[in-house]
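Peer 1: Structure incoming, see below.
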Amino acid sequence: MEKVKIVIAGPRGRMGKEAVHLVLQSETYALVGAVDRKYEGFKVGDLDGFPESDAMIYTDFEKCLQETEPDVLIDLTTPEVGMFHTRTALKYKVRPVVGTTGFSDEDLAELEQLCSEQETGCIIAPNFAVGAVLMMKFSRMAAKYFPDVEIIELHHDQKLDAPSGTAVKTAQMIADVREAKRQGHQDEKETLHGARGADYQGMHIHSVRLPGLIAHQQVMFGADGQTLTIRHDSYHRSSFMSGVKLAVDTVMKMDAFVYGLENIIE
Ligand SMILES: NC(=O)C1=CN([C@@H]2O[C@H](COP(=O)(O)OP(=O)(O)OC[C@H]3O[C@@H](n4cnc5c(N)ncnc54)[C@H](O)[C@@H]3O)[C@@H](O)[C@H]2O)C=CC1
Ligand SMILES: O=C(O)C1=N[C@H](C(=O)O)C[C@H](O)C1
């Protein structure tokens, strides 16, 4: 069986490093290239702390695609760079598996359109951890019975985007089953700006950033005389890797656009 040829963008990042290890340890994947901001002409195996690998590092993404001809791009970079990579990969009919968060609704609509024009599969997953996907699904179930909800996401203090992609996705999934509603007292006023967090169709989202944290979220529902809290914690970035593998294997078999791992997990 031919191995799935993979390019990883952002190999030296916190997530990228884990993904490099995942691909290099797999018997069914081949790492054919990596895209970084520097180290053009080096090999992945030349980087400190990386296992042996002859995959070349490129700073020019198109050159990387042309020379390595991958089946799949795994992108773990930043929103602007991730958007450029995903758009470009689709133009080359390379299937993107994107963990990068911070894409706007317009970005997602553009990628969905491009996917359909190019008849090329693409998976955008704001969270690859199976437990986090279950947290989102359970929250959507609970929201039918508990329409009052606040989302508290907690991450390490090097995170660039707020709220997290997971929090936005959770709010979107809850919004699928609940009418938009204003929560809290109708005369409520913030005496300190931002005290009530971000507002997504009346749901409040609070973003905590602290050293020591990795990726955590709690979805808190309230009703007369009771609350229900659904919480997920990633204590290590290895928690995301089974989802990355599932996404790579799935994207190889489909030509559609998927936003969220819940759409490919039974
Ligand atoms: N979907 C999921 O399950 C998860 C998603 N994430 C998301 O993944 C992304 C990366 O997160 P981290 O690894 O923590 O960030 P990081 O800051 O550790 O890594 C980002 C990497 O992207 C690289 N990069 C920046 N510009 C680039 C360019 N033009 N070309 C190539 N590489 C470039 C940086 O050099 C850096 O190594 C974020 O958007 C984060 O929210 C993070 C964890 C889990
Ligand atoms: O930046 C992170 O670390 C994470 N980002 C994703 C997000 O924005 O939801 C997924 C996970 O929460 C870790």
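Just so we're on the same page: first chain in the structure tokens is A, next is B, and so on; residues restart at 1 for each chain, and ligands are numbered from 1 in the order they show up.
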Please provide as a ChimeraX atom specification all residues within 7 Å of range 164-180 of chain A, with the sequence filter that same-chain residues fewer than 5 positions apart are discarded (counting only C-alpha atoms).
Peer 2: /A:101-102,126-127,136,139-140,143-144,147,151,153,200-202
Peer 1: Give as a PyMOL selection string the residues surrounding ligand 1 up to a distance of 7 Å, considering only C-alpha atoms and all ligand atoms.
Peer 2: chain A and resi 9-16+35-37+59+76-79+81+99-102+125-129+159+161+164-165+237+240
Peer 1: Write down as a PyMOL selection string the residues of range 33-240 of chain A whose backbone DSSP state falls under helix (DSSP H, G or I).
Peer 2: chain A and resi 44-46+61-68+79-91+105-118+130-143+165-175+237-240
Peer 1: Assign secondary structure with DSSP using the backbone only, and return the residues of range 55-106 of chain A in strand (DSSP E) as a PyMOL selection string.
Peer 2: chain A and resi 56-58+72-75+95-98
Peer 1: Which value, in Å to one decimal, gives the distance between CA of Lys137 in chain A and CA of Gly82 in chain A?
Peer 2: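 Pair CA of Lys137 in chain A / CA of Gly82 in chain A returns 25.8 Å.
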Peer 1: My list of candidates is A:Glu262, A:Asp157, A:Glu190, A:Glu40. Which is closest to ligand 2 when distances are computed with only C-alpha atoms and all ligand atoms?
Peer 2: A:Asp157
Peer 1: Go through A:Asp48, A:Asp255, A:Asp233, A:Asp249 one by one, measure the shortest atom-to-atom distance of each to ligand 2 using only C-alpha atoms and all ligand atoms, and give the residue with the smallest value.
Peer 2: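 Going through A:Asp48, A:Asp255, A:Asp233, A:Asp249 one by one, the smallest distance to ligand 2 is for A:Asp233.
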Peer 1: Which residue, A:Phe61, A:Phe257, A:Tyr235, A:Phe138, has the smallest gap to ligand 2 when you use only C-alpha atoms and all ligand atoms?
Peer 2: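 Once distances to ligand 2 are computed over only C-alpha atoms and all ligand atoms, the minimum belongs to A:Tyr235.
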Peer 1: Quick one: distance from atom 4 (C, counted along the ligand's line) of ligand 2 to CA of Met135 in chain A in Å, one decimal?
Peer 2: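 Distance between the two atoms: 15.0 Å.
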